[in-house]
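Asker: Take this structure first; my questions come after.
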Amino acid sequence: MADTAAAVAPVPETVVAHMAGSLGLDVLGSHPRRASVHPLVALPDPSVGSDRLRGAWFALAGDPFVRTVVESLAGRWFTVADEDRAAYHAAACIASNHLVALLGQAERVGVSAGVPREAFLDLVRATVENVAALGPARALTGPAARGDVETLQRHRSALDPSELAAYDAMVTLARTLVDNEEAEARG
């Protein structure tokens with residue numbers, strides 16, 4: 001990206017922008033008008049991506065001209081400082097890519113029990129609605145939320161060993177939500 005930006009002659013009227021979520025404006029060199037515009041939307045292929053950009057959220061930095069680009073797409077925007085770009089992009093990957101990987105695990109485990117993907121997708125949709133309405137900690141249900149160690153152990157016994165690391169990591173994250181909520185309630 002830096003090589004491409006360097007190949008563009010600096011012109012005071014020209015905005016040079018990149019769309020990399022984790023990079024700051026420094027990769028654009030010494031251009032007087034630098035910007036970043038990163039769509040916060042899952043773009044699995046060009047066709048789907050072009051449909052999803054309209055109305056999407058965008059992380060912006062730099063020259064205010066990029067707001068015009070977002071407005072032309074009926075999009076919404078927020079700014080992310082250069083020093084926060086890596087954390088922002090990590091959160092985006094957790095929300096999208098990690099969710100896809102997690103649903104892949106649910107599908108693998110569910111198929112072995114005869115559960116169709118569509119059944120899990122309905123559960124996921126309801127869960128996302130709960131998170132939107134209640135926040136992550138209050139939306140959490142199930143044995144990790146209840147501290148039901150016996151059920152969690154039955155789950156572990158039923159899983160292929162290759163699934164345990166991810167399962168255990170997610171139980172730990174769920175318990176962290178519970179612990180943080182309880183600590184907050186205690187004040």
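Quick note on naming: the chains in the structure tokens go A, B, ... in the order shown, residues restart at 1 in each chain, and ligands are numbered from 1 in order of appearance.
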For segment 139-152 of chain A, work out the shell of residues within 12 Å, counting only C-alpha atoms and skipping chain neighbours fewer than 2 positions away, then give it as a compact mmCIF listing (two decimals) with C-alpha atoms, in the first residue's frame.
Answerer:
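Contents of around.txt, as written:
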# COMPACT_ATOMS: atom_id res chain seq x y z
CA LEU A 123 -30.91 -19.65 17.66
CA VAL A 124 -28.11 -17.30 16.58
CA ALA A 126 -32.51 -14.72 18.55
CA THR A 127 -29.26 -14.50 20.50
CA VAL A 128 -28.09 -11.48 18.49
CA GLU A 129 -31.46 -9.82 19.12
CA ASN A 130 -31.01 -10.50 22.85
CA VAL A 131 -27.55 -8.94 22.79
CA ALA A 132 -28.93 -5.89 20.98
CA ALA A 133 -31.71 -5.50 23.56
CA LEU A 134 -29.88 -6.51 26.74
CA GLY A 135 -26.13 -6.34 26.13
CA PRO A 136 -23.81 -9.36 26.08
CA ALA A 137 -23.73 -10.16 29.80
CA ARG A 154 -20.83 -33.60 29.81
CA HIS A 155 -20.36 -31.29 26.82
CA ARG A 156 -16.58 -31.76 26.96
CA SER A 157 -17.00 -35.54 27.12
CA ALA A 158 -19.25 -35.50 24.04
CA LEU A 159 -16.89 -33.38 21.92
CA LEU A 164 -12.08 -28.81 23.04
CA TYR A 167 -15.05 -24.87 23.44
CA ASP A 168 -12.98 -24.25 26.57
CA ALA A 169 -11.95 -20.80 25.35
CA MET A 170 -15.57 -19.80 24.79
CA VAL A 171 -16.65 -21.14 28.20
CA THR A 172 -13.88 -19.03 29.74
CA LEU A 173 -15.13 -15.94 27.85
CA ALA A 174 -18.71 -16.66 28.93
CA ARG A 175 -17.64 -17.03 32.55
CA THR A 176 -15.70 -13.74 32.27
CA LEU A 177 -18.93 -12.02 31.22
CA VAL A 178 -20.70 -13.49 34.24
CA ASP A 179 -17.88 -12.61 36.63
CA ASN A 180 -17.67 -9.03 35.34
CA GLU A 181 -21.44 -8.60 35.60
CA GLU A 182 -21.44 -9.93 39.16
Asker: Give me the segment 62-162 of chain A side of the contact with segment 4-16 of chain A, cut-off 9 Å, one line per residue showing its nearest atom pair and distance in Å at one decimal, counting only C-alpha atoms, sorted by chain and residue number, as JSON lines.
Answerer:
{"residue": "A:Asp63", "atom": "CA", "partner": "A:Val15", "partner_atom": "CA", "distance": 7.2}
{"residue": "A:Phe65", "atom": "CA", "partner": "A:Val15", "partner_atom": "CA", "distance": 7.5}
{"residue": "A:Val66", "atom": "CA", "partner": "A:Val15", "partner_atom": "CA", "distance": 8.6}
Asker: Okay, now the selection with N, CA and C atoms, as a compact mmCIF listing (two decimals), in the first residue's frame?
Answerer:
# COMPACT_ATOMS: atom_id res chain seq x y z
N ASP A 63 -8.98 12.99 6.23
CA ASP A 63 -9.68 14.02 5.48
C ASP A 63 -11.20 13.84 5.53
N PHE A 65 -13.40 14.52 3.51
CA PHE A 65 -14.04 14.18 2.23
C PHE A 65 -14.65 12.78 2.25
N VAL A 66 -14.03 11.86 3.01
CA VAL A 66 -14.55 10.48 3.00
C VAL A 66 -15.96 10.39 3.58
Asker: Let's see if you can do this: from backbone DSSP, list all alpha helix (DSSP H) residues in chain A, as a compact mmCIF listing (two decimals) with N, CA and C atoms, in the first residue's frame.
Answerer:
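Saved to part32.txt:
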# COMPACT_ATOMS: atom_id res chain seq x y z
N ALA A 2 1.92 1.25 0.78
CA ALA A 2 2.80 2.42 0.83
C ALA A 2 3.40 2.69 -0.54
N ASP A 3 3.76 1.63 -1.27
CA ASP A 3 4.33 1.82 -2.62
C ASP A 3 3.31 2.46 -3.56
N THR A 4 2.07 2.01 -3.45
CA THR A 4 1.02 2.57 -4.30
C THR A 4 0.80 4.04 -3.97
N ALA A 5 0.72 4.36 -2.68
CA ALA A 5 0.53 5.75 -2.27
C ALA A 5 1.70 6.61 -2.71
N ALA A 6 2.90 6.07 -2.65
CA ALA A 6 4.09 6.83 -3.06
C ALA A 6 4.08 7.09 -4.56
N ALA A 7 3.42 6.22 -5.33
CA ALA A 7 3.38 6.39 -6.78
C ALA A 7 2.41 7.49 -7.21
N PRO A 46 -17.55 -9.91 -4.34
CA PRO A 46 -17.90 -8.57 -4.89
C PRO A 46 -19.40 -8.33 -5.05
N SER A 47 -20.15 -9.32 -5.45
CA SER A 47 -21.57 -9.13 -5.66
C SER A 47 -22.30 -8.84 -4.35
N VAL A 48 -22.08 -9.67 -3.38
CA VAL A 48 -22.70 -9.47 -2.07
C VAL A 48 -22.18 -8.16 -1.46
N GLY A 49 -20.89 -7.93 -1.60
CA GLY A 49 -20.29 -6.73 -1.04
C GLY A 49 -20.88 -5.46 -1.58
N SER A 50 -21.10 -5.40 -2.87
CA SER A 50 -21.64 -4.17 -3.46
C SER A 50 -23.05 -3.90 -2.94
N ASP A 51 -23.82 -4.94 -2.66
CA ASP A 51 -25.16 -4.77 -2.10
C ASP A 51 -25.10 -4.31 -0.64
N ARG A 52 -24.14 -4.82 0.10
CA ARG A 52 -24.09 -4.54 1.53
C ARG A 52 -23.48 -3.19 1.88
N LEU A 53 -22.76 -2.58 0.96
CA LEU A 53 -22.14 -1.30 1.28
C LEU A 53 -23.17 -0.20 1.51
N PHE A 65 -13.40 14.52 3.51
CA PHE A 65 -14.04 14.18 2.23
C PHE A 65 -14.65 12.78 2.25
N VAL A 66 -14.03 11.86 3.01
CA VAL A 66 -14.55 10.48 3.00
C VAL A 66 -15.96 10.39 3.58
N ARG A 67 -16.36 11.38 4.35
CA ARG A 67 -17.74 11.40 4.84
C ARG A 67 -18.71 11.53 3.67
N THR A 68 -18.30 12.28 2.64
CA THR A 68 -19.13 12.43 1.44
C THR A 68 -19.32 11.08 0.75
N VAL A 69 -18.25 10.29 0.71
CA VAL A 69 -18.32 8.96 0.11
C VAL A 69 -19.33 8.10 0.87
N VAL A 70 -19.22 8.12 2.18
CA VAL A 70 -20.13 7.32 3.02
C VAL A 70 -21.56 7.82 2.87
N GLU A 71 -21.75 9.13 2.87
CA GLU A 71 -23.10 9.68 2.71
C GLU A 71 -23.71 9.30 1.37
N SER A 72 -22.89 9.20 0.33
CA SER A 72 -23.41 8.81 -0.99
C SER A 72 -23.89 7.36 -0.99
N ARG A 85 -6.53 1.72 15.54
CA ARG A 85 -6.95 0.98 14.35
C ARG A 85 -6.79 -0.53 14.52
N ALA A 86 -5.70 -0.98 15.09
CA ALA A 86 -5.49 -2.43 15.24
C ALA A 86 -6.55 -3.03 16.17
N ALA A 87 -6.86 -2.34 17.29
CA ALA A 87 -7.89 -2.83 18.21
C ALA A 87 -9.25 -2.82 17.54
N TYR A 88 -9.55 -1.74 16.81
CA TYR A 88 -10.83 -1.67 16.08
C TYR A 88 -10.95 -2.86 15.11
N HIS A 89 -9.89 -3.10 14.33
CA HIS A 89 -9.96 -4.16 13.33
C HIS A 89 -10.03 -5.54 13.99
N ALA A 90 -9.33 -5.70 15.12
CA ALA A 90 -9.43 -6.97 15.86
C ALA A 90 -10.87 -7.20 16.31
N ALA A 91 -11.53 -6.15 16.82
CA ALA A 91 -12.93 -6.28 17.25
C ALA A 91 -13.82 -6.65 16.07
N ALA A 92 -13.56 -6.05 14.91
CA ALA A 92 -14.34 -6.37 13.72
C ALA A 92 -14.16 -7.84 13.33
N CYS A 93 -12.94 -8.32 13.39
CA CYS A 93 -12.67 -9.73 13.07
C CYS A 93 -13.31 -10.67 14.08
N LEU A 99 -17.02 -15.25 14.65
CA LEU A 99 -18.39 -15.77 14.70
C LEU A 99 -18.59 -16.85 13.63
N VAL A 100 -18.06 -16.60 12.44
CA VAL A 100 -18.17 -17.60 11.36
C VAL A 100 -17.46 -18.89 11.77
N ALA A 101 -16.26 -18.76 12.35
CA ALA A 101 -15.53 -19.95 12.79
C ALA A 101 -16.31 -20.68 13.89
N LEU A 102 -16.89 -19.92 14.81
CA LEU A 102 -17.68 -20.52 15.89
C LEU A 102 -18.90 -21.25 15.34
N LEU A 103 -19.57 -20.64 14.35
CA LEU A 103 -20.73 -21.30 13.75
C LEU A 103 -20.30 -22.54 12.96
N GLY A 104 -19.10 -22.50 12.41
CA GLY A 104 -18.57 -23.71 11.77
C GLY A 104 -18.42 -24.84 12.78
N GLN A 105 -17.95 -24.48 13.97
CA GLN A 105 -17.83 -25.49 15.02
C GLN A 105 -19.21 -26.00 15.43
N ALA A 106 -20.17 -25.09 15.61
CA ALA A 106 -21.53 -25.51 15.97
C ALA A 106 -22.09 -26.46 14.91
N GLU A 107 -21.84 -26.15 13.66
CA GLU A 107 -22.33 -27.01 12.59
C GLU A 107 -21.67 -28.39 12.63
N ARG A 108 -20.35 -28.42 12.84
CA ARG A 108 -19.65 -29.71 12.90
C ARG A 108 -20.20 -30.56 14.04
N VAL A 109 -20.34 -29.96 15.21
CA VAL A 109 -20.82 -30.71 16.37
C VAL A 109 -22.30 -31.06 16.20
N GLY A 110 -23.09 -30.13 15.69
CA GLY A 110 -24.51 -30.36 15.51
C GLY A 110 -24.83 -31.43 14.49
N VAL A 111 -24.07 -31.47 13.40
CA VAL A 111 -24.29 -32.49 12.36
C VAL A 111 -24.16 -33.89 12.97
N SER A 112 -23.20 -34.04 13.87
CA SER A 112 -23.01 -35.37 14.47
C SER A 112 -24.22 -35.77 15.33
N ARG A 117 -28.40 -27.05 10.14
CA ARG A 117 -27.81 -25.71 10.26
C ARG A 117 -28.87 -24.65 10.51
N GLU A 118 -30.00 -24.75 9.82
CA GLU A 118 -31.05 -23.74 9.94
C GLU A 118 -31.54 -23.60 11.38
N ALA A 119 -31.57 -24.69 12.12
CA ALA A 119 -32.02 -24.63 13.51
C ALA A 119 -31.06 -23.78 14.34
N PHE A 120 -29.76 -23.96 14.11
CA PHE A 120 -28.78 -23.15 14.84
C PHE A 120 -28.83 -21.70 14.41
N LEU A 121 -29.09 -21.45 13.13
CA LEU A 121 -29.15 -20.07 12.66
C LEU A 121 -30.30 -19.31 13.30
N ASP A 122 -31.44 -19.97 13.52
CA ASP A 122 -32.54 -19.32 14.23
C ASP A 122 -32.13 -18.99 15.66
N LEU A 123 -31.41 -19.89 16.31
CA LEU A 123 -30.91 -19.65 17.66
C LEU A 123 -29.96 -18.45 17.66
N VAL A 124 -29.08 -18.40 16.68
CA VAL A 124 -28.11 -17.30 16.58
C VAL A 124 -28.83 -15.96 16.38
N ARG A 125 -29.82 -15.94 15.50
CA ARG A 125 -30.57 -14.69 15.27
C ARG A 125 -31.24 -14.20 16.56
N ALA A 126 -31.86 -15.10 17.29
CA ALA A 126 -32.51 -14.72 18.55
C ALA A 126 -31.47 -14.24 19.56
N THR A 127 -30.33 -14.89 19.58
CA THR A 127 -29.26 -14.50 20.50
C THR A 127 -28.74 -13.10 20.17
N VAL A 128 -28.55 -12.82 18.89
CA VAL A 128 -28.09 -11.48 18.49
C VAL A 128 -29.13 -10.43 18.87
N GLU A 129 -30.41 -10.74 18.70
CA GLU A 129 -31.46 -9.82 19.12
C GLU A 129 -31.41 -9.59 20.63
N ASN A 130 -31.14 -10.64 21.40
CA ASN A 130 -31.01 -10.50 22.85
C ASN A 130 -29.84 -9.60 23.21
N VAL A 131 -28.72 -9.79 22.53
CA VAL A 131 -27.55 -8.94 22.79
C VAL A 131 -27.87 -7.48 22.46
N ALA A 132 -28.56 -7.25 21.35
CA ALA A 132 -28.93 -5.89 20.98
C ALA A 132 -29.84 -5.26 22.04
N ALA A 133 -30.75 -6.03 22.59
CA ALA A 133 -31.71 -5.50 23.56
C ALA A 133 -31.14 -5.42 24.98
N LEU A 134 -30.30 -6.38 25.35
CA LEU A 134 -29.88 -6.51 26.74
C LEU A 134 -28.40 -6.28 27.00
N PRO A 136 -24.34 -8.00 26.05
CA PRO A 136 -23.81 -9.36 26.08
C PRO A 136 -23.99 -10.09 27.42
N ALA A 137 -23.68 -9.45 28.52
CA ALA A 137 -23.73 -10.16 29.80
C ALA A 137 -25.14 -10.62 30.15
N ARG A 138 -26.13 -9.77 29.97
CA ARG A 138 -27.50 -10.14 30.32
C ARG A 138 -28.12 -11.08 29.30
N ALA A 139 -27.59 -11.12 28.09
CA ALA A 139 -28.12 -12.03 27.07
C ALA A 139 -27.59 -13.45 27.21
N PRO A 143 -25.34 -23.24 30.50
CA PRO A 143 -24.61 -23.76 31.66
C PRO A 143 -23.44 -22.88 32.10
N ALA A 144 -22.76 -22.21 31.19
CA ALA A 144 -21.66 -21.34 31.62
C ALA A 144 -22.21 -20.17 32.42
N ALA A 145 -23.35 -19.63 31.99
CA ALA A 145 -23.97 -18.51 32.71
C ALA A 145 -24.43 -18.95 34.10
N ARG A 146 -24.90 -20.18 34.20
CA ARG A 146 -25.42 -20.69 35.48
C ARG A 146 -24.31 -21.25 36.37
N VAL A 149 -21.27 -26.74 36.20
CA VAL A 149 -20.03 -27.43 35.85
C VAL A 149 -20.30 -28.85 35.36
N GLU A 150 -21.30 -29.52 35.91
CA GLU A 150 -21.60 -30.89 35.48
C GLU A 150 -22.02 -30.93 34.02
N THR A 151 -22.88 -30.02 33.60
CA THR A 151 -23.30 -29.98 32.20
C THR A 151 -22.13 -29.63 31.30
N LEU A 152 -21.31 -28.67 31.72
CA LEU A 152 -20.13 -28.31 30.91
C LEU A 152 -19.21 -29.52 30.74
N GLN A 153 -19.07 -30.32 31.78
CA GLN A 153 -18.23 -31.51 31.67
C GLN A 153 -18.85 -32.55 30.74
N ARG A 154 -20.18 -32.68 30.76
CA ARG A 154 -20.83 -33.60 29.81
C ARG A 154 -20.58 -33.13 28.37
N HIS A 155 -20.66 -31.82 28.16
CA HIS A 155 -20.36 -31.29 26.82
C HIS A 155 -18.95 -31.69 26.41
N ARG A 156 -17.98 -31.46 27.28
CA ARG A 156 -16.58 -31.76 26.96
C ARG A 156 -16.41 -33.24 26.63
N SER A 157 -17.11 -34.10 27.37
CA SER A 157 -17.00 -35.54 27.12
C SER A 157 -17.60 -35.93 25.77
N ALA A 158 -18.59 -35.18 25.31
CA ALA A 158 -19.25 -35.50 24.04
C ALA A 158 -18.49 -34.97 22.82
N PRO A 161 -11.94 -34.39 20.59
CA PRO A 161 -10.83 -33.66 21.21
C PRO A 161 -10.37 -32.43 20.40
N SER A 162 -10.53 -32.48 19.09
CA SER A 162 -10.12 -31.34 18.27
C SER A 162 -10.99 -30.11 18.50
N GLU A 163 -12.15 -30.28 19.11
CA GLU A 163 -13.07 -29.17 19.37
C GLU A 163 -12.91 -28.57 20.76
N LEU A 164 -12.14 -29.21 21.63
CA LEU A 164 -12.08 -28.81 23.04
C LEU A 164 -11.43 -27.45 23.27
N ALA A 165 -10.36 -27.14 22.58
CA ALA A 165 -9.68 -25.85 22.82
C ALA A 165 -10.63 -24.68 22.57
N ALA A 166 -11.33 -24.72 21.46
CA ALA A 166 -12.27 -23.63 21.15
C ALA A 166 -13.43 -23.63 22.15
N TYR A 167 -13.94 -24.79 22.48
CA TYR A 167 -15.05 -24.87 23.44
C TYR A 167 -14.62 -24.29 24.79
N ASP A 168 -13.47 -24.73 25.28
CA ASP A 168 -12.98 -24.25 26.57
C ASP A 168 -12.73 -22.74 26.55
N ALA A 169 -12.20 -22.23 25.45
CA ALA A 169 -11.95 -20.80 25.35
C ALA A 169 -13.26 -20.01 25.42
N MET A 170 -14.29 -20.51 24.77
CA MET A 170 -15.57 -19.80 24.79
C MET A 170 -16.25 -19.90 26.15
N VAL A 171 -16.11 -21.03 26.84
CA VAL A 171 -16.65 -21.14 28.20
C VAL A 171 -15.94 -20.13 29.10
N THR A 172 -14.64 -20.01 28.95
CA THR A 172 -13.88 -19.03 29.74
C THR A 172 -14.38 -17.62 29.46
N LEU A 173 -14.62 -17.27 28.19
CA LEU A 173 -15.13 -15.94 27.85
C LEU A 173 -16.53 -15.73 28.43
N ALA A 174 -17.36 -16.77 28.37
CA ALA A 174 -18.71 -16.66 28.93
C ALA A 174 -18.64 -16.44 30.44
N ARG A 175 -17.78 -17.18 31.10
CA ARG A 175 -17.64 -17.03 32.55
C ARG A 175 -17.08 -15.64 32.89
N THR A 176 -16.22 -15.09 32.06
CA THR A 176 -15.70 -13.74 32.27
C THR A 176 -16.83 -12.73 32.22
N LEU A 177 -17.76 -12.90 31.27
CA LEU A 177 -18.93 -12.02 31.22
C LEU A 177 -19.72 -12.08 32.53
N VAL A 178 -19.95 -13.30 33.00
CA VAL A 178 -20.70 -13.49 34.24
C VAL A 178 -19.96 -12.86 35.41
N ASP A 179 -18.68 -13.14 35.52
CA ASP A 179 -17.88 -12.61 36.63
C ASP A 179 -17.85 -11.09 36.62
N ASN A 180 -17.69 -10.49 35.45
CA ASN A 180 -17.67 -9.03 35.34
C ASN A 180 -19.02 -8.43 35.71
N GLU A 181 -20.10 -9.08 35.28
CA GLU A 181 -21.44 -8.60 35.60
C GLU A 181 -21.69 -8.68 37.11
N GLU A 182 -21.27 -9.78 37.71
CA GLU A 182 -21.44 -9.93 39.16
C GLU A 182 -20.61 -8.91 39.92
N ALA A 183 -19.39 -8.66 39.48
CA ALA A 183 -18.52 -7.68 40.14
C ALA A 183 -19.13 -6.27 40.00
N GLU A 184 -19.68 -5.99 38.85
CA GLU A 184 -20.31 -4.67 38.62
C GLU A 184 -21.53 -4.51 39.51
N ALA A 185 -22.29 -5.59 39.68
CA ALA A 185 -23.50 -5.53 40.52
C ALA A 185 -23.14 -5.28 41.99
N ARG A 186 -22.00 -5.83 42.40
CA ARG A 186 -21.55 -5.63 43.79
C ARG A 186 -21.04 -4.22 44.00
Asker: So, with only C-alpha atoms as the atoms that count, which of A:Gly114, A:Leu60, A:Leu23, A:Leu28 lies closest to Leu40 of chain A?
Answerer: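 Distance minimum relative to Leu40 of chain A lands on A:Leu60.
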Asker: As a VMD selection string, list the residues of segment 1-143 of chain A assigned to strand (DSSP E or B) by DSSP on the backbone atoms of this structure.
Answerer: chain A and resid 16 to 18 34 to 40 57 to 62 76 to 79
Asker: Please, what distance in Å, to one decimal, runs between atom CA of Ala74 of chain A and atom CA of Ala61 of chain A?
Answerer: 18.1 Å
